[in-house]
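One file, my_file08.json, is given below (JSON, C-alpha atoms and all ligand atoms).
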[["chain", "number", "residue", "atom", "x", "y", "z"],
["R", 23, "MET", "CA", 0.00, 0.00, 0.00],
["R", 24, "LEU", "CA", 1.12, 3.55, -0.71],
["R", 25, "ASP", "CA", 1.06, 4.50, 2.98],
["R", 26, "GLN", "CA", 4.33, 2.62, 3.49],
["R", 27, "VAL", "CA", 7.68, 4.23, 2.63],
["R", 28, "ASP", "CA", 9.15, 1.00, 1.22],
["R", 29, "GLU", "CA", 6.23, 0.70, -1.21],
["R", 30, "VAL", "CA", 6.71, 4.28, -2.50],
["R", 31, "VAL", "CA", 10.45, 3.69, -2.92],
["R", 32, "ASP", "CA", 9.75, 0.41, -4.77],
["R", 33, "LYS", "CA", 7.29, 2.20, -7.08],
["R", 34, "LEU", "CA", 9.57, 5.11, -7.94],
["R", 35, "ALA", "CA", 12.94, 3.30, -8.06],
["R", 36, "PRO", "CA", 12.35, 1.63, -11.46],
["R", 37, "CYS", "CA", 11.60, 5.08, -12.98],
["R", 38, "ILE", "CA", 15.03, 6.26, -11.89],
["R", 39, "GLU", "CA", 16.73, 3.03, -13.02],
["R", 40, "ARG", "CA", 15.22, 3.48, -16.48],
["R", 41, "GLY", "CA", 16.49, 7.06, -16.54],
["R", 42, "PHE", "CA", 12.86, 8.16, -16.50],
["R", 43, "SER", "CA", 12.64, 11.75, -15.28],
["R", 44, "LEU", "CA", 9.95, 12.73, -12.79],
["R", 45, "TYR", "CA", 10.04, 16.23, -14.24],
["R", 46, "ASP", "CA", 9.22, 17.13, -17.82],
["R", 47, "ASP", "CA", 8.61, 20.47, -19.58],
["R", 48, "GLY", "CA", 8.34, 22.32, -16.31],
["R", 49, "GLN", "CA", 5.69, 19.97, -14.92],
["R", 50, "TRP", "CA", 5.88, 17.11, -12.49],
["R", 51, "LYS", "CA", 4.45, 14.03, -14.14],
["R", 52, "ASN", "CA", 2.18, 11.26, -12.97],
["R", 53, "VAL", "CA", 4.94, 8.71, -12.72],
["R", 54, "GLU", "CA", 3.44, 5.51, -11.40],
["R", 55, "THR", "CA", 0.38, 3.94, -9.83],
["R", 56, "GLY", "CA", -0.15, 1.99, -6.63],
["R", 57, "PHE", "CA", -2.92, 0.98, -4.25],
["R", 58, "LEU", "CA", -4.36, 2.71, -1.20],
["R", 59, "HIS", "CA", -7.70, 2.91, 0.62],
["R", 60, "CYS", "CA", -9.79, 5.72, -0.90],
["R", 61, "PRO", "CA", -11.99, 7.40, 1.76],
["R", 62, "GLN", "CA", -14.52, 8.49, -0.86],
["R", 63, "CYS", "CA", -14.84, 5.13, -2.67],
["R", 64, "ALA", "CA", -14.66, 3.42, 0.75],
["R", 65, "THR", "CA", -12.41, 0.67, -0.59],
["R", 66, "VAL", "CA", -8.86, 0.09, -1.83],
["R", 67, "ARG", "CA", -8.32, 1.80, -5.19],
["R", 68, "ARG", "CA", -5.55, 2.26, -7.71],
["R", 69, "MET", "CA", -3.96, 5.71, -7.28],
["R", 70, "ASN", "CA", -1.94, 7.79, -9.72],
["R", 71, "ILE", "CA", 1.22, 9.10, -8.05],
["R", 72, "SER", "CA", 2.10, 12.70, -8.82],
["R", 73, "VAL", "CA", 5.17, 14.47, -7.44],
["R", 74, "TYR", "CA", 4.59, 17.91, -5.87],
["R", 75, "ASP", "CA", 8.03, 18.46, -4.40],
["R", 76, "SER", "CA", 10.55, 15.66, -4.58],
["R", 77, "GLY", "CA", 12.63, 17.02, -1.69],
["R", 78, "SER", "CA", 15.86, 15.09, -1.17],
["R", 79, "LEU", "CA", 14.77, 12.34, 1.23],
["R", 80, "ILE", "CA", 13.03, 10.16, -1.36],
["R", 81, "TRP", "CA", 16.04, 10.45, -3.70],
["R", 82, "GLN", "CA", 18.38, 9.23, -0.98],
["R", 83, "LEU", "CA", 16.11, 6.30, -0.14],
["R", 84, "ILE", "CA", 15.84, 5.40, -3.84],
["R", 85, "ALA", "CA", 19.60, 5.80, -4.36],
["R", 86, "LYS", "CA", 20.28, 3.43, -1.49],
["R", 87, "LYS", "CA", 17.95, 0.85, -3.02],
["R", 88, "VAL", "CA", 18.91, 1.22, -6.70],
["R", 89, "ASN", "CA", 22.67, 1.59, -6.31],
["R", 90, "PRO", "CA", 24.10, 1.64, -2.78],
["R", 91, "ASP", "CA", 27.40, 2.69, -4.33],
["R", 92, "TRP", "CA", 25.87, 6.16, -4.79],
["R", 93, "MET", "CA", 25.55, 6.35, -1.02],
["R", 94, "ARG", "CA", 29.01, 5.09, -0.05],
["R", 95, "PRO", "CA", 30.98, 7.31, 2.36],
["R", 96, "GLY", "CA", 32.40, 10.33, 0.63],
["R", 97, "VAL", "CA", 29.95, 10.16, -2.28],
["R", 98, "GLY", "CA", 26.79, 12.18, -2.73],
["R", 99, "PHE", "CA", 24.51, 13.91, -0.24],
["R", 100, "GLU", "CA", 26.38, 14.29, 3.04],
["R", 101, "GLY", "CA", 28.85, 11.52, 2.23],
["R", 102, "THR", "CA", 27.74, 9.42, 5.20],
["R", 103, "GLY", "CA", 26.59, 6.45, 3.16],
["R", 104, "GLU", "CA", 23.15, 6.76, 4.75],
["R", 105, "PRO", "CA", 20.12, 8.97, 4.07],
["R", 106, "SER", "CA", 20.36, 12.16, 6.10],
["R", 107, "LYS", "CA", 18.07, 12.96, 9.01],
["R", 108, "ASN", "CA", 18.23, 16.58, 7.88],
["R", 109, "SER", "CA", 17.10, 15.96, 4.31],
["R", 110, "GLU", "CA", 14.11, 17.81, 2.89],
["R", 111, "PRO", "CA", 10.77, 15.96, 3.14],
["R", 112, "SER", "CA", 9.22, 14.75, -0.11],
["R", 113, "LEU", "CA", 5.64, 15.63, -1.05],
["R", 114, "PHE", "CA", 3.44, 13.60, -3.38],
["R", 115, "SER", "CA", -0.19, 13.56, -4.42],
["R", 116, "TYR", "CA", -2.13, 10.34, -4.89],
["R", 117, "ILE", "CA", -5.20, 10.68, -7.06],
["R", 118, "CYS", "CA", -7.86, 7.96, -7.05],
["R", 119, "VAL", "CA", -8.51, 6.73, -10.61],
["R", 120, "GLN", "CA", -12.20, 6.12, -9.76],
["R", 121, "CYS", "CA", -13.16, 9.46, -8.18],
["R", 122, "ASP", "CA", -11.79, 12.96, -7.54],
["R", 123, "CYS", "CA", -10.23, 12.18, -4.16],
["R", 124, "HIS", "CA", -6.70, 13.61, -3.74],
["R", 125, "ILE", "CA", -4.44, 12.38, -0.96],
["R", 126, "ALA", "CA", -1.33, 14.40, -0.04],
["R", 127, "ALA", "CA", 1.54, 12.12, 1.03],
["R", 128, "LEU", "CA", 4.52, 13.41, 2.99],
["R", 129, "VAL", "CA", 7.69, 11.32, 3.30],
["R", 130, "TYR", "CA", 9.61, 12.67, 6.28],
["R", 131, "TRP", "CA", 12.16, 11.71, 8.90],
["R", 132, "SER", "CA", 10.31, 10.61, 12.07],
["R", 133, "PRO", "CA", 11.91, 9.67, 15.42],
["R", 134, "GLU", "CA", 11.90, 6.07, 14.11],
["R", 135, "GLY", "CA", 13.45, 6.95, 10.72],
["R", 136, "PRO", "CA", 11.86, 7.52, 7.29],
["R", 137, "ALA", "CA", 8.05, 7.58, 7.59],
["R", 138, "ILE", "CA", 5.02, 8.62, 5.57],
["R", 139, "ALA", "CA", 1.85, 10.51, 6.49],
["R", 140, "THR", "CA", -1.15, 10.73, 4.16],
["R", 141, "PHE", "CA", -3.81, 13.43, 4.24],
["R", 142, "PRO", "CA", -6.96, 12.94, 2.08],
["R", 143, "ASN", "CA", -9.19, 15.82, 0.98],
["R", 144, "LYS", "CA", -12.28, 13.76, 1.90],
["R", 145, "ASN", "CA", -13.66, 12.54, 5.24],
["R", 146, "GLY", "CA", -14.89, 9.03, 5.76],
["R", 147, "GLY", "CA", -12.09, 6.71, 6.75],
["R", 148, "LEU", "CA", -13.56, 3.26, 6.28],
["R", 149, "SER", "CA", -17.26, 4.15, 6.18],
["R", 150, "THR", "CA", -19.45, 2.82, 3.39],
["R", 151, "LYS", "CA", -22.47, 4.36, 1.65],
["R", 152, "HIS", "CA", -25.00, 3.19, 4.28],
["R", 153, "THR", "CA", -22.79, 3.29, 7.39],
["R", 154, "PRO", "CA", -24.60, 5.32, 10.13],
["R", 155, "ALA", "CA", -23.03, 8.70, 10.92],
["R", 156, "GLU", "CA", -22.15, 7.70, 14.51],
["R", 157, "VAL", "CA", -20.16, 4.68, 13.32],
["R", 158, "ALA", "CA", -18.58, 6.61, 10.44],
["R", 159, "TYR", "CA", -17.38, 9.28, 12.87],
["R", 160, "GLN", "CA", -15.48, 6.76, 15.00],
["R", 161, "LEU", "CA", -13.98, 5.06, 11.93],
["R", 162, "ASP", "CA", -12.92, 8.47, 10.63],
["R", 163, "GLN", "CA", -11.19, 9.10, 13.97],
["R", 164, "ALA", "CA", -9.36, 5.76, 13.65],
["R", 165, "TYR", "CA", -8.33, 6.66, 10.10],
["R", 166, "ARG", "CA", -7.04, 10.09, 11.11],
["R", 167, "CYS", "CA", -4.94, 8.53, 13.88],
["R", 168, "HIS", "CA", -3.52, 5.91, 11.50],
["R", 169, "ILE", "CA", -2.51, 8.34, 8.75],
["R", 170, "VAL", "CA", -0.12, 10.06, 11.15],
["R", 171, "SER", "CA", 1.15, 6.70, 12.51],
["R", 172, "ALA", "CA", -0.71, 7.01, 15.86],
["R", 173, "ASN", "CA", -1.68, 3.34, 15.51],
["R", 174, "THR", "CA", -2.32, 2.66, 19.21],
["R", 175, "ALA", "CA", -4.87, 5.50, 19.24],
["R", 176, "ALA", "CA", -6.31, 4.10, 15.98],
["R", 177, "VAL", "CA", -6.86, 0.68, 17.60],
["R", 178, "ALA", "CA", -8.62, 2.33, 20.56],
["R", 179, "ALA", "CA", -10.89, 4.20, 18.10],
["R", 180, "PHE", "CA", -11.65, 0.95, 16.23],
["R", 181, "ARG", "CA", -12.80, -0.55, 19.56],
["R", 182, "VAL", "CA", -15.14, 2.44, 20.09],
["R", 183, "ALA", "CA", -16.43, 1.98, 16.52],
["R", 184, "LEU", "CA", -17.25, -1.67, 17.29],
["R", 185, "ASP", "CA", -19.10, -0.59, 20.44],
["R", 186, "GLN", "CA", -21.05, 1.95, 18.36],
["R", 187, "ILE", "CA", -21.95, -0.67, 15.72],
["R", 188, "LEU", "CA", -23.34, -3.05, 18.35],
["R", 189, "HIS", "CA", -25.26, -0.20, 20.04],
["R", 190, "GLU", "CA", -26.74, 0.76, 16.68],
["R", 191, "GLN", "CA", -27.65, -2.89, 16.08],
["R", 192, "GLY", "CA", -29.73, -2.95, 19.27],
["R", 193, "TYR", "CA", -27.19, -4.02, 21.89],
["R", 194, "THR", "CA", -27.60, -1.03, 24.19],
["R", 195, "THR", "CA", -27.00, -2.56, 27.62],
["R", 196, "GLY", "CA", -23.71, -2.24, 29.48],
["R", 197, "MET", "CA", -20.16, -1.95, 28.21],
["R", 198, "LEU", "CA", -18.69, -3.65, 25.12],
["R", 199, "ASN", "CA", -18.12, -6.93, 26.98],
["R", 200, "GLN", "CA", -21.82, -7.12, 27.88],
["R", 201, "LYS", "CA", -22.87, -6.26, 24.32],
["R", 202, "LEU", "CA", -20.67, -9.06, 22.91],
["R", 203, "SER", "CA", -22.07, -11.48, 25.50],
["R", 204, "ASP", "CA", -25.65, -10.52, 24.56],
["R", 205, "LEU", "CA", -24.81, -11.02, 20.87],
["R", 206, "ASP", "CA", -23.36, -14.47, 21.69],
["R", 207, "ASN", "CA", -26.59, -15.40, 23.48],
["R", 208, "ASP", "CA", -28.67, -14.26, 20.48],
["R", 209, "ILE", "CA", -26.50, -16.32, 18.10],
["R", 210, "LYS", "CA", -26.94, -19.41, 20.29],
["R", 211, "ALA", "CA", -30.72, -18.78, 20.50],
["R", 212, "ASN", "CA", -30.85, -18.29, 16.73],
["R", 213, "THR", "CA", -32.39, -14.84, 17.21],
["R", 214, "ALA", "CA", -29.39, -12.78, 16.01],
["R", 215, "LYS", "CA", -29.56, -10.74, 12.80],
["R", 216, "ALA", "CA", -28.42, -12.39, 9.57],
["R", 217, "TRP", "CA", -25.02, -10.67, 9.50],
["R", 218, "ALA", "CA", -24.06, -12.19, 12.87],
["R", 219, "LYS", "CA", -24.41, -15.69, 11.41],
["R", 220, "LEU", "CA", -22.08, -14.86, 8.51],
["R", 221, "LEU", "CA", -19.18, -13.58, 10.61],
["R", 222, "ASP", "CA", -17.07, -15.57, 13.06],
["R", 223, "PRO", "CA", -17.72, -13.78, 16.41],
["R", 224, "ALA", "CA", -14.03, -14.30, 17.24],
["R", 225, "PHE", "CA", -13.33, -11.30, 14.94],
["R", 226, "LEU", "CA", -15.35, -9.02, 17.25],
["R", 227, "LYS", "CA", -13.75, -10.42, 20.39],
["R", 228, "VAL", "CA", -10.21, -9.92, 19.12],
["R", 229, "ILE", "CA", -11.04, -6.29, 18.18],
["R", 230, "GLN", "CA", -12.24, -5.81, 21.75],
["R", 231, "ARG", "CA", -9.10, -7.37, 23.27],
["R", 232, "LEU", "CA", -6.74, -5.40, 21.00],
["R", 233, "GLY", "CA", -8.63, -2.21, 21.91],
["R", 234, "ASN", "CA", -8.46, -2.99, 25.64],
["R", 235, "LYS", "CA", -4.68, -3.47, 25.43],
["R", 236, "SER", "CA", -4.28, -0.20, 23.51],
["R", 237, "VAL", "CA", -5.69, 1.59, 26.56],
["R", 238, "HIS", "CA", -4.27, -0.67, 29.31],
["R", 239, "PRO", "CA", -1.08, -2.26, 27.95],
["R", 240, "LYS", "CA", 0.92, -4.67, 30.14],
["R", 241, "ARG", "CA", 4.05, -3.02, 28.76],
["R", 242, "VAL", "CA", 4.11, 0.06, 26.54],
["R", 243, "ALA", "CA", 6.95, -1.43, 24.47],
["R", 244, "ARG", "CA", 4.63, -4.24, 23.34],
["R", 245, "LEU", "CA", 2.41, -1.68, 21.56],
["R", 246, "ALA", "CA", 5.06, -1.58, 18.80],
["R", 247, "ALA", "CA", 3.14, -4.60, 17.47],
["R", 248, "TYR", "CA", 0.40, -2.15, 16.50],
["R", 249, "ASP", "CA", 2.07, -1.30, 13.19],
["R", 250, "THR", "CA", 0.70, -0.37, 9.78],
["R", 251, "ALA", "CA", 0.30, -4.02, 8.72],
["R", 252, "MET", "CA", -1.79, -4.72, 11.83],
["R", 253, "VAL", "CA", -4.01, -1.66, 11.25],
["R", 254, "ILE", "CA", -4.53, -2.75, 7.63],
["R", 255, "ARG", "CA", -5.77, -6.13, 8.94],
["R", 256, "LEU", "CA", -8.20, -4.29, 11.24],
["R", 257, "GLN", "CA", -9.35, -2.14, 8.30],
["R", 258, "LEU", "CA", -10.02, -5.30, 6.26],
["R", 259, "THR", "CA", -12.01, -6.74, 9.17],
["R", 260, "PHE", "CA", -14.13, -3.59, 9.50],
["R", 261, "SER", "CA", -14.60, -3.42, 5.75],
["R", 262, "LYS", "CA", -16.01, -6.97, 5.87],
["R", 263, "LEU", "CA", -18.18, -6.06, 8.87],
["R", 264, "LEU", "CA", -19.62, -2.87, 7.31],
["R", 265, "ASN", "CA", -20.41, -4.62, 4.05],
["R", 266, "LEU", "CA", -22.18, -7.49, 5.85],
["R", 267, "ILE", "CA", -24.24, -5.22, 8.13],
["R", 268, "TYR", "CA", -24.97, -2.14, 6.02],
["R", 269, "GLU", "CA", -24.32, -2.85, 2.33],
["R", 270, "LYS", "CA", -25.22, -6.45, 1.50],
["R", 271, "GLN", "CA", -28.98, -5.94, 1.82],
["R", 272, "HIS", "CA", -28.85, -2.70, -0.20],
["R", 273, "GLY", "CA", -26.64, -4.35, -2.82],
["R", 274, "ASP", "CA", -29.15, -7.18, -3.27],
["R", 275, "LYS", "CA", -32.06, -4.69, -3.45],
["R", 276, "ASP", "CA", -30.25, -2.46, -5.95],
["R", 277, "LEU", "CA", -29.37, -5.44, -8.15],
["R", 278, "LEU", "CA", -32.96, -6.73, -8.06],
["R", 279, "MET", "CA", -34.37, -3.25, -8.84],
["R", 280, "GLN", "CA", -32.02, -2.92, -11.82],
["R", 281, "LEU", "CA", -33.05, -6.31, -13.21],
["R", 282, "GLU", "CA", -36.76, -5.55, -12.68],
["R", 283, "ALA", "CA", -36.36, -2.16, -14.40],
["R", 284, "ILE", "CA", -34.83, -3.86, -17.45],
["R", 285, "ASN", "CA", -37.58, -6.50, -17.38],
["R", 286, "LYS", "CA", -40.23, -3.73, -17.61],
["R", 287, "LYS", "CA", -38.54, -2.24, -20.66],
["R", 288, "VAL", "CA", -38.37, -5.51, -22.61],
["N", 301, "ZN", "ZN", -11.91, 6.99, -4.94]]

The structure given in the file should be rewritten as structure tokens.
Amino acid sequence: MLDQVDEVVDKLAPCIERGFSLYDDGQWKNVETGFLHCPQCATVRRMNISVYDSGSLIWQLIAKKVNPDWMRPGVGFEGTGEPSKNSEPSLFSYICVQCDCHIAALVYWSPEGPAIATFPNKNGGLSTKHTPAEVAYQLDQAYRCHIVSANTAAVAAFRVALDQILHEQGYTTGMLNQKLSDLDNDIKANTAKAWAKLLDPAFLKVIQRLGNKSVHPKRVARLAAYDTAMVIRLQLTFSKLLNLIYEKQHGDKDLLMQLEAINKKV
């Protein structure tokens, strides 16, 4: 995904290896494409990558990958053989090929080394067309935390989003643990809604446990496990959940209405 520095370097490095300039006739070009979650389409989309300001950081990272000899001590940049902490950040724009969503992407030097932050010009995070506003708000909060690498805060927000989903689905008593217990009882009694029978309840319980540990960790150092890859797995889980609860029924209705409309015309 294009919210990982290594992915951006991998995408742009072949352009440099081929001698393909990112700059042409006074204009930065759309140089490559990659994949990222689009907040407006509410799913992963192909994105065109456009360069606003290449800075020097991305060049150093690419140079190290394409030809480490360029980075050997005494050659290029500061002659240290490593990308410089003081290098200029690099600024890109990702543009969804399916809609008009633009996402600014900043590659910068964080306390942990090269990092990337992405800032879309649309709200929404993971919400889908029929996601209730209260749930969408919490998912948007999780998304905003994640795009600036505050993944522990993102996991806590995902837990709140799950609580909000269950509340909206009629589980209004007690805290999240009670809501999950009530849902379990409904599944066993065969009185739960259709979506609950199509999803392994273990998904909901692990979201709860991960969220609990984000707020009350045994050791803060262990929260390093809440990395981008882990948040992407949570996003995939919520995407599945939202589609089961809020979109599947509408999708079936829309499809049936379209077929019936054609039937009337024939
Ligand atoms: Zn889009």

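One distance worth recording is that between CA of Asp274 in chain R and CA of Ser261 in chain R, which is 17.5 Å.
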
| What do you get as number ranges by chain if you pick all residues at most 9 Å from ligand ZN 301 (chain N), counting all atoms listed in the file? | R: 59-69, 117-124

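Shortest separation to Tyr268 in chain R among R:Glu190, R:Asp204, R:Glu110, R:Asp185 occurs at residue R:Glu190, atoms counted being only C-alpha atoms.
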
| query | What does the distance between CA of Asn207 in chain R and CA of Ala179 in chain R come to in Å, to one decimal place? | reply | 25.7 Å

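Of the residues listed (R:Arg244, R:Arg231, R:Gln257, R:Lys86), R:Gln257 shows the shortest atom-to-atom separation from Asp162 in chain R; distances use all atoms listed in the file.
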
| remark: Correct to one decimal, the distance CA of Ser236 in chain R-CA of Lys144 in chain R is 26.9 Å

| Selection near Tyr130 in chain R, 10 Å with all atoms listed in the file, sequence-local residues under 4 positions removed, as a PyMOL selection string | chain R and resi 27+77+79-80+107-113+135-139

Dump C-alpha atoms for the selected residues as a tab-separated table (two decimals), in the frame of the given file?
chain	number	residue	atom	x	y	z
R	27	VAL	CA	7.68	4.23	2.63
R	77	GLY	CA	12.63	17.02	-1.69
R	79	LEU	CA	14.77	12.34	1.23
R	80	ILE	CA	13.03	10.16	-1.36
R	107	LYS	CA	18.07	12.96	9.01
R	108	ASN	CA	18.23	16.58	7.88
R	109	SER	CA	17.10	15.96	4.31
R	110	GLU	CA	14.11	17.81	2.89
R	111	PRO	CA	10.77	15.96	3.14
R	112	SER	CA	9.22	14.75	-0.11
R	113	LEU	CA	5.64	15.63	-1.05
R	135	GLY	CA	13.45	6.95	10.72
R	136	PRO	CA	11.86	7.52	7.29
R	137	ALA	CA	8.05	7.58	7.59
R	138	ILE	CA	5.02	8.62	5.57
R	139	ALA	CA	1.85	10.51	6.49

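For the choices R:Leu278, R:Leu198, R:Leu128, R:Ala158, the atom-to-atom distance to Asp25 in chain R is smallest for R:Leu128 when using all atoms listed in the file.
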
| task | List the neighbours of range 164-166 of chain R out to 7 Å using only C-alpha atoms; skip same-chain residues closer than 3 positions along the sequence, and give me the result as a ChimeraX atom specification. | result | /R:147,160-161,169-170,176-177,179-180

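Each of R:Cys167, R:Ala216, R:Ile209, R:Leu221 was checked against Thr140 in chain R using only C-alpha atoms; the smallest atom-to-atom distance is that of R:Cys167.
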
| field | Nearest to Tyr116 in chain R by atom-to-atom distance, counting all atoms listed in the file, from R:Gln163, R:Ser76, R:Thr55, R:Asn173 | value | R:Thr55

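Ranking R:Val88, R:Ala127, R:Ala175, R:Leu232 by their shortest atom-to-atom distance to Val30 in chain R, with all atoms listed in the file included, puts R:Ala127 first.
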
| query | If we count only C-alpha atoms, what is near range 263-265 of chain R at a cut-off of 12 Å, once residues fewer than 4 positions away on the same chain are taken out, given as an MDAnalysis selection string? | reply | chainID R and resid 64:65 148:154 157:158 161 183:184 187:188 191 217:223 225:226 229 256:259 269:274

Generate the coordinates of N, CA and C atoms for range 243-258 of chain R; report them as a CSV table (one decimal), in the coordinates of the input.
chain,number,residue,atom,x,y,z
R,243,ALA,N,6.1,-1.0,25.6
R,243,ALA,CA,7.0,-1.4,24.5
R,243,ALA,C,6.2,-2.4,23.6
R,244,ARG,N,5.3,-3.2,24.1
R,244,ARG,CA,4.6,-4.2,23.3
R,244,ARG,C,3.7,-3.6,22.3
R,245,LEU,N,3.3,-2.3,22.5
R,245,LEU,CA,2.4,-1.7,21.6
R,245,LEU,C,3.1,-1.4,20.2
R,246,ALA,N,4.4,-1.7,20.1
R,246,ALA,CA,5.1,-1.6,18.8
R,246,ALA,C,4.5,-2.6,17.8
R,247,ALA,N,3.8,-3.6,18.3
R,247,ALA,CA,3.1,-4.6,17.5
R,247,ALA,C,2.0,-4.0,16.7
R,248,TYR,N,1.5,-2.8,17.2
R,248,TYR,CA,0.4,-2.2,16.5
R,248,TYR,C,1.0,-1.3,15.4
R,249,ASP,N,1.4,-2.0,14.3
R,249,ASP,CA,2.1,-1.3,13.2
R,249,ASP,C,1.1,-1.1,12.0
R,250,THR,N,1.6,-0.6,10.9
R,250,THR,CA,0.7,-0.4,9.8
R,250,THR,C,0.1,-1.7,9.3
R,251,ALA,N,0.8,-2.7,9.2
R,251,ALA,CA,0.3,-4.0,8.7
R,251,ALA,C,-0.9,-4.5,9.6
R,252,MET,N,-0.7,-4.3,10.9
R,252,MET,CA,-1.8,-4.7,11.8
R,252,MET,C,-3.0,-3.9,11.6
R,253,VAL,N,-2.9,-2.5,11.5
R,253,VAL,CA,-4.0,-1.7,11.2
R,253,VAL,C,-4.7,-2.0,9.9
R,254,ILE,N,-3.9,-2.4,8.9
R,254,ILE,CA,-4.5,-2.8,7.6
R,254,ILE,C,-5.4,-4.0,7.8
R,255,ARG,N,-5.0,-4.9,8.7
R,255,ARG,CA,-5.8,-6.1,8.9
R,255,ARG,C,-7.1,-5.7,9.7
R,256,LEU,N,-7.0,-4.8,10.6
R,256,LEU,CA,-8.2,-4.3,11.2
R,256,LEU,C,-9.1,-3.6,10.2
R,257,GLN,N,-8.5,-2.8,9.3
R,257,GLN,CA,-9.4,-2.1,8.3
R,257,GLN,C,-10.1,-3.2,7.4
R,258,LEU,N,-9.4,-4.2,7.1
R,258,LEU,CA,-10.0,-5.3,6.3
R,258,LEU,C,-11.2,-5.9,7.0
